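Trainee: Got structure_10.txt for you, compact mmCIF, C-alpha atoms:
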# COMPACT_ATOMS: atom_id res chain seq x y z
CA MET X 1 -37.76 61.28 -21.00
CA ARG X 2 -38.70 57.65 -20.75
CA ARG X 3 -40.69 58.21 -17.62
CA ILE X 4 -42.01 61.33 -15.90
CA PRO X 5 -41.32 61.29 -12.16
CA VAL X 6 -44.52 61.31 -10.13
CA GLN X 7 -43.29 61.08 -6.58
CA ARG X 8 -41.27 63.87 -4.97
CA ARG X 9 -38.32 61.56 -4.33
CA SER X 10 -38.17 60.56 -8.00
CA ALA X 11 -38.43 64.20 -9.09
CA GLU X 12 -35.53 65.05 -6.76
CA LYS X 13 -33.47 62.23 -8.31
CA VAL X 14 -34.16 63.55 -11.79
CA ASP X 15 -33.18 67.06 -10.66
CA ARG X 16 -29.90 65.67 -9.31
CA MET X 17 -29.30 63.93 -12.64
CA LEU X 18 -29.97 67.15 -14.55
CA ASP X 19 -27.78 69.15 -12.17
CA ALA X 20 -24.96 66.68 -12.77
CA ALA X 21 -25.51 66.88 -16.53
CA ALA X 22 -25.34 70.70 -16.38
CA ALA X 23 -22.11 70.59 -14.38
CA LEU X 24 -20.57 68.17 -16.87
CA LEU X 25 -21.50 70.49 -19.73
CA ASP X 26 -19.75 73.38 -18.00
CA GLU X 27 -16.66 71.28 -17.35
CA GLY X 28 -16.18 69.64 -20.71
CA GLY X 29 -18.86 70.66 -23.16
CA TYR X 30 -21.37 68.37 -24.83
CA ASP X 31 -18.76 65.65 -25.38
CA ALA X 32 -18.32 65.29 -21.59
CA LEU X 33 -22.00 64.42 -21.14
CA SER X 34 -23.03 60.75 -21.03
CA THR X 35 -25.41 58.63 -19.00
CA ARG X 36 -22.38 56.90 -17.46
CA THR X 37 -20.73 60.14 -16.34
CA VAL X 38 -24.04 61.34 -14.87
CA ALA X 39 -24.34 58.06 -12.97
CA THR X 40 -20.79 58.41 -11.67
CA ARG X 41 -21.31 62.06 -10.73
CA THR X 42 -24.54 61.40 -8.85
CA GLY X 43 -23.42 58.11 -7.31
CA MET X 44 -26.53 56.46 -8.72
CA PRO X 45 -26.57 53.13 -10.53
CA ILE X 46 -26.66 53.47 -14.31
CA GLY X 47 -30.05 51.71 -14.24
CA SER X 48 -31.49 54.66 -12.30
CA ILE X 49 -30.37 57.00 -15.07
CA TYR X 50 -31.83 54.71 -17.75
CA ARG X 51 -35.13 54.53 -15.88
CA PHE X 52 -35.69 58.17 -16.89
CA PHE X 53 -33.31 58.83 -19.80
CA SER X 54 -32.56 56.60 -22.77
CA ASP X 55 -29.33 58.35 -23.73
CA LYS X 56 -27.38 61.59 -23.56
CA ARG X 57 -29.73 63.28 -26.07
CA SER X 58 -32.72 62.69 -23.81
CA LEU X 59 -30.72 64.09 -20.85
CA ALA X 60 -29.89 67.16 -22.92
CA ALA X 61 -33.51 67.56 -24.04
CA ALA X 62 -34.75 67.41 -20.45
CA LEU X 63 -32.15 69.98 -19.43
CA THR X 64 -33.20 72.35 -22.21
CA ARG X 65 -36.85 71.98 -21.14
CA ARG X 66 -35.89 72.78 -17.57
CA ASN X 67 -33.91 75.80 -18.78
CA LEU X 68 -36.90 77.11 -20.73
CA GLU X 69 -39.22 76.60 -17.74
CA GLN X 70 -36.76 78.46 -15.52
CA PHE X 71 -36.44 81.26 -18.08
CA VAL X 72 -40.21 81.69 -18.27
CA ALA X 73 -40.50 81.71 -14.47
CA ARG X 74 -37.85 84.42 -14.30
CA ILE X 75 -39.22 86.69 -17.06
CA GLU X 76 -42.96 86.26 -16.51
CA PRO X 77 -43.16 88.72 -13.58
CA LYS X 78 -41.03 91.22 -15.51
CA LEU X 79 -43.39 91.12 -18.49
CA ALA X 80 -46.64 91.49 -16.56
CA GLY X 81 -48.45 94.50 -17.94
CA ALA X 82 -45.89 95.12 -20.72
CA ARG X 83 -47.46 97.12 -23.53
CA GLU X 84 -44.36 98.09 -25.52
CA TRP X 85 -41.60 96.08 -27.17
CA GLY X 86 -38.72 98.03 -25.59
CA PRO X 87 -39.14 96.80 -22.00
CA VAL X 88 -40.01 93.30 -23.23
CA ILE X 89 -36.84 93.05 -25.32
CA ASP X 90 -34.72 94.41 -22.48
CA ALA X 91 -36.16 91.92 -19.98
CA VAL X 92 -35.88 88.92 -22.28
CA VAL X 93 -32.34 89.66 -23.50
CA ASP X 94 -31.06 90.63 -20.05
CA GLU X 95 -32.50 87.48 -18.49
CA TYR X 96 -31.02 85.31 -21.24
CA LEU X 97 -27.60 86.85 -20.64
CA ASP X 98 -27.94 86.49 -16.88
CA MET X 99 -28.81 82.81 -17.23
CA LYS X 100 -25.91 82.34 -19.63
CA ALA X 101 -23.60 83.65 -16.91
CA THR X 102 -25.16 82.02 -13.85
CA VAL X 103 -27.12 78.85 -14.68
CA PRO X 104 -24.97 75.71 -14.86
CA GLY X 105 -24.82 74.19 -18.33
CA PHE X 106 -26.81 77.02 -19.93
CA ALA X 107 -23.83 78.51 -21.77
CA VAL X 108 -23.36 75.19 -23.59
CA LEU X 109 -26.96 74.05 -23.98
CA ASP X 110 -29.57 76.76 -23.50
CA PHE X 111 -33.11 76.09 -24.79
CA GLY X 112 -32.59 73.69 -27.64
CA ASP X 113 -35.32 74.28 -30.22
CA ASN X 114 -35.80 77.99 -30.97
CA SER X 115 -39.28 77.36 -32.39
CA GLU X 116 -40.39 76.23 -28.92
CA VAL X 117 -38.90 79.42 -27.44
CA ALA X 118 -40.74 81.52 -30.04
CA ARG X 119 -44.09 79.81 -29.33
CA THR X 120 -43.57 80.17 -25.60
CA LEU X 121 -42.76 83.89 -25.86
CA ALA X 122 -45.67 84.55 -28.23
CA ASP X 123 -48.05 82.83 -25.81
CA LEU X 124 -46.57 84.60 -22.81
CA LEU X 125 -46.87 87.99 -24.51
CA GLY X 126 -50.31 87.35 -25.95
CA VAL X 127 -49.25 88.08 -29.52
CA GLU X 128 -50.25 86.36 -32.73
CA GLY X 129 -47.44 85.56 -35.09
CA VAL X 130 -45.05 82.81 -34.22
CA ASN X 131 -43.06 83.24 -37.44
CA PRO X 132 -41.95 86.83 -36.73
CA MET X 133 -41.18 85.79 -33.16
CA LEU X 134 -39.11 82.87 -34.48
CA VAL X 135 -37.13 85.21 -36.74
CA ALA X 136 -36.45 87.45 -33.74
CA VAL X 137 -35.42 84.51 -31.53
CA GLU X 138 -33.14 83.07 -34.22
CA ALA X 139 -31.48 86.44 -34.83
CA ALA X 140 -31.01 87.09 -31.12
CA ASP X 141 -29.69 83.58 -30.55
CA ALA X 142 -27.09 83.88 -33.31
CA LEU X 143 -25.93 87.33 -32.22
CA LEU X 144 -25.95 86.77 -28.46
CA ARG X 145 -24.39 83.32 -28.63
CA ALA X 146 -21.39 84.76 -30.44
CA HIS X 147 -21.22 88.23 -28.83
CA HIS X 148 -22.81 87.95 -25.37
CA ASP X 149 -19.85 89.68 -23.74
CA ASP X 150 -19.80 92.69 -26.11
CA ALA X 151 -22.03 95.40 -24.59
CA GLU X 152 -22.26 97.40 -27.83
CA LEU X 153 -23.40 94.38 -29.86
CA VAL X 154 -25.87 93.41 -27.14
CA GLU X 155 -27.41 96.89 -27.36
CA GLU X 156 -27.40 96.71 -31.16
CA THR X 157 -29.18 93.34 -30.95
CA LYS X 158 -31.83 94.91 -28.72
CA ARG X 159 -32.29 97.77 -31.21
CA LEU X 160 -32.65 95.26 -34.04
CA LEU X 161 -35.28 93.28 -32.12
CA ARG X 162 -37.25 96.39 -31.09
CA SER X 163 -37.31 97.65 -34.66
CA TYR X 164 -38.20 94.32 -36.23
CA LEU X 165 -40.87 93.26 -33.75
CA GLY X 166 -42.28 96.80 -33.64
CA ARG X 167 -42.89 96.65 -37.38
CA ARG X 168 -44.01 93.03 -37.62
CA LEU X 169 -46.21 92.52 -34.56
CA PRO X 170 -48.65 94.64 -32.57
CA PRO X 171 -47.50 95.63 -29.08
CA PRO X 172 -47.58 92.83 -26.54
CA VAL X 173 -50.73 92.36 -24.51
CA GLY X 174 -48.70 91.85 -21.33
CA ASP X 175 -51.33 90.01 -19.31
CA ARG X 176 -52.52 86.76 -20.86
Starting from the file, give its structure as structure tokens.
Mentor:
Amino acid sequence: MRRIPVQRRSAEKVDRMLDAAAALLDEGGYDALSTRTVATRTGMPIGSIYRFFSDKRSLAAALTRRNLEQFVARIEPKLAGAREWGPVIDAVVDEYLDMKATVPGFAVLDFGDNSEVARTLADLLGVEGVNPMLVAVEAADALLRAHHDDAELVEETKRLLRSYLGRRLPPPVGDR
């Protein structure tokens, strides 16, 4: 973002811009997203969009950050006190799939950079080892992106993650 909103009114404007961007992604994919279409959708002058976002990539990056923040807020209470990989994997995968089905724009543009997701999850779970977490996130992303509606493959993905993380990392600490 070019500028971080400080006042509540500015933050609300940015949220409206990101909501419009998410809706456009759902309607027409990444190609439908532009600063001009966001301006039209929100009824704001294009200059208001450019005050915060330089182009469609910066809009998309802000939306992926917001998605990750929302994901963390939704899984954090579910992971409190987790001491085994099974419940962690179930909570993380189930929440990802729920967001894919319910959060506007998420099915097209989820978190962006998987290395940021891996670092965030490692920190949240109190585990050392971002590289094994990145391998798990990349594998899950590839499998769930392509097969999110196949219950058997979702369960197989969870088994893969439990097995891999169980061998590569100690159990999660659960409370940071």
Trainee: Got a sec: who's within 10 Å of X:Arg41, counting only C-alpha atoms, leaving out chain neighbours fewer than 5 positions off, as a list in words?
Mentor: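 Within the cut-off, the hits are Arg16, Met17, Asp19, Ala20, Ala21, Ala23, Leu24, Thr35 and Arg36 of chain X.
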Trainee: Tell me, as a VMD selection string, which residues lie within 6 Å of stretch 90-106 of chain X, counting all atoms listed in the file; anything in the same chain fewer than 3 positions away does not count.
Mentor: chain X and resid 22 to 23 25 to 26 87 109 to 110
Trainee: Any idea what's packed within 8 Å of stretch 67-69 of chain X, counting all atoms listed in the file, ignoring anything in its chain fewer than 2 positions away? Could you give it as a ChimeraX atom specification?
Mentor: /X:63-65,71-73,106,110-111,117
Trainee: Can you measure atom CA of X:Ser115 to atom CA of X:Val14 for me? One decimal in Å is fine.
Mentor: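 According to the coordinates, atom CA of X:Ser115 and atom CA of X:Val14 are separated by 25.3 Å.
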Trainee: Using all atoms listed in the file, which of X:Gly112, X:Arg83, X:Ala146, X:Ala139 sits nearest X:Pro170?
Mentor: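 Smallest separation from X:Pro170 among the options: X:Arg83.
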Trainee: How close does stretch 10-99 of chain X get to stretch 123-128 of chain X? List, as CSV, each residue of stretch 10-99 of chain X within 9 Å, its nearest atom pair and the distance in Å to one decimal, counting all atoms listed in the file.
Mentor:
residue,atom,partner,partner_atom,distance
X:Val72,CA,X:Leu124,CA,8.3
X:Glu76,CA,X:Leu124,CA,7.4
X:Leu79,CA,X:Leu125,CA,7.6
X:Ala80,CA,X:Leu125,CA,8.7
X:Ala82,CA,X:Leu125,CA,8.1
X:Val88,CA,X:Leu125,CA,8.8
Trainee: From the list X:Arg145, X:Asn131, X:Ala136, X:Gly81, which residue is nearest X:Pro171 when using only C-alpha atoms?
Mentor: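 Using only C-alpha atoms, the shortest distance to X:Pro171 belongs to X:Gly81.
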Trainee: Tell me, in Å to one decimal, how far atom CA of X:Pro5 is from atom CA of X:Leu33.
Mentor: 21.5 Å
Trainee: Nearest residue to X:Asp55 out of X:Ile89, X:Leu169, X:Ala39, X:Ala11, using all atoms listed in the file?
Mentor: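 For X:Asp55, the nearest of the candidates is X:Ala39.
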Trainee: By how many Å are atom CA of X:Arg8 and atom CA of X:Gly47 apart?
Mentor: 19.0 Å
Trainee: Extract, using only C-alpha atoms, all DNA, RNA and protein residues at most 10 Å from X:Gly86, discarding same-chain residues fewer than 5 positions from it, and format them as number ranges by chain.
Mentor: X: 91, 158-159, 161-163, 165-166, 171
Trainee: Around (-42.9, 83.7, -31.0) in the file's own coordinates, what residues are found within 7 Å if you use all atoms listed in the file, given back as a short mmCIF file (atom, residue, chain, number, x, y, z; two decimals) with C-alpha atoms, keeping the file's coordinate frame?
Mentor:
data_model
loop_
_atom_site.label_atom_id
_atom_site.label_comp_id
_atom_site.auth_asym_id
_atom_site.auth_seq_id
_atom_site.Cartn_x
_atom_site.Cartn_y
_atom_site.Cartn_z
CA VAL X 117 -38.90 79.42 -27.44
CA ALA X 118 -40.74 81.52 -30.04
CA ARG X 119 -44.09 79.81 -29.33
CA THR X 120 -43.57 80.17 -25.60
CA LEU X 121 -42.76 83.89 -25.86
CA ALA X 122 -45.67 84.55 -28.23
CA GLY X 129 -47.44 85.56 -35.09
CA VAL X 130 -45.05 82.81 -34.22
CA ASN X 131 -43.06 83.24 -37.44
CA PRO X 132 -41.95 86.83 -36.73
CA MET X 133 -41.18 85.79 -33.16
CA LEU X 134 -39.11 82.87 -34.48
#
Trainee: Which is closest to X:Glu84 among X:Ser34, X:Val173, X:Tyr164, X:Arg57, if we use only C-alpha atoms?
Mentor: X:Val173
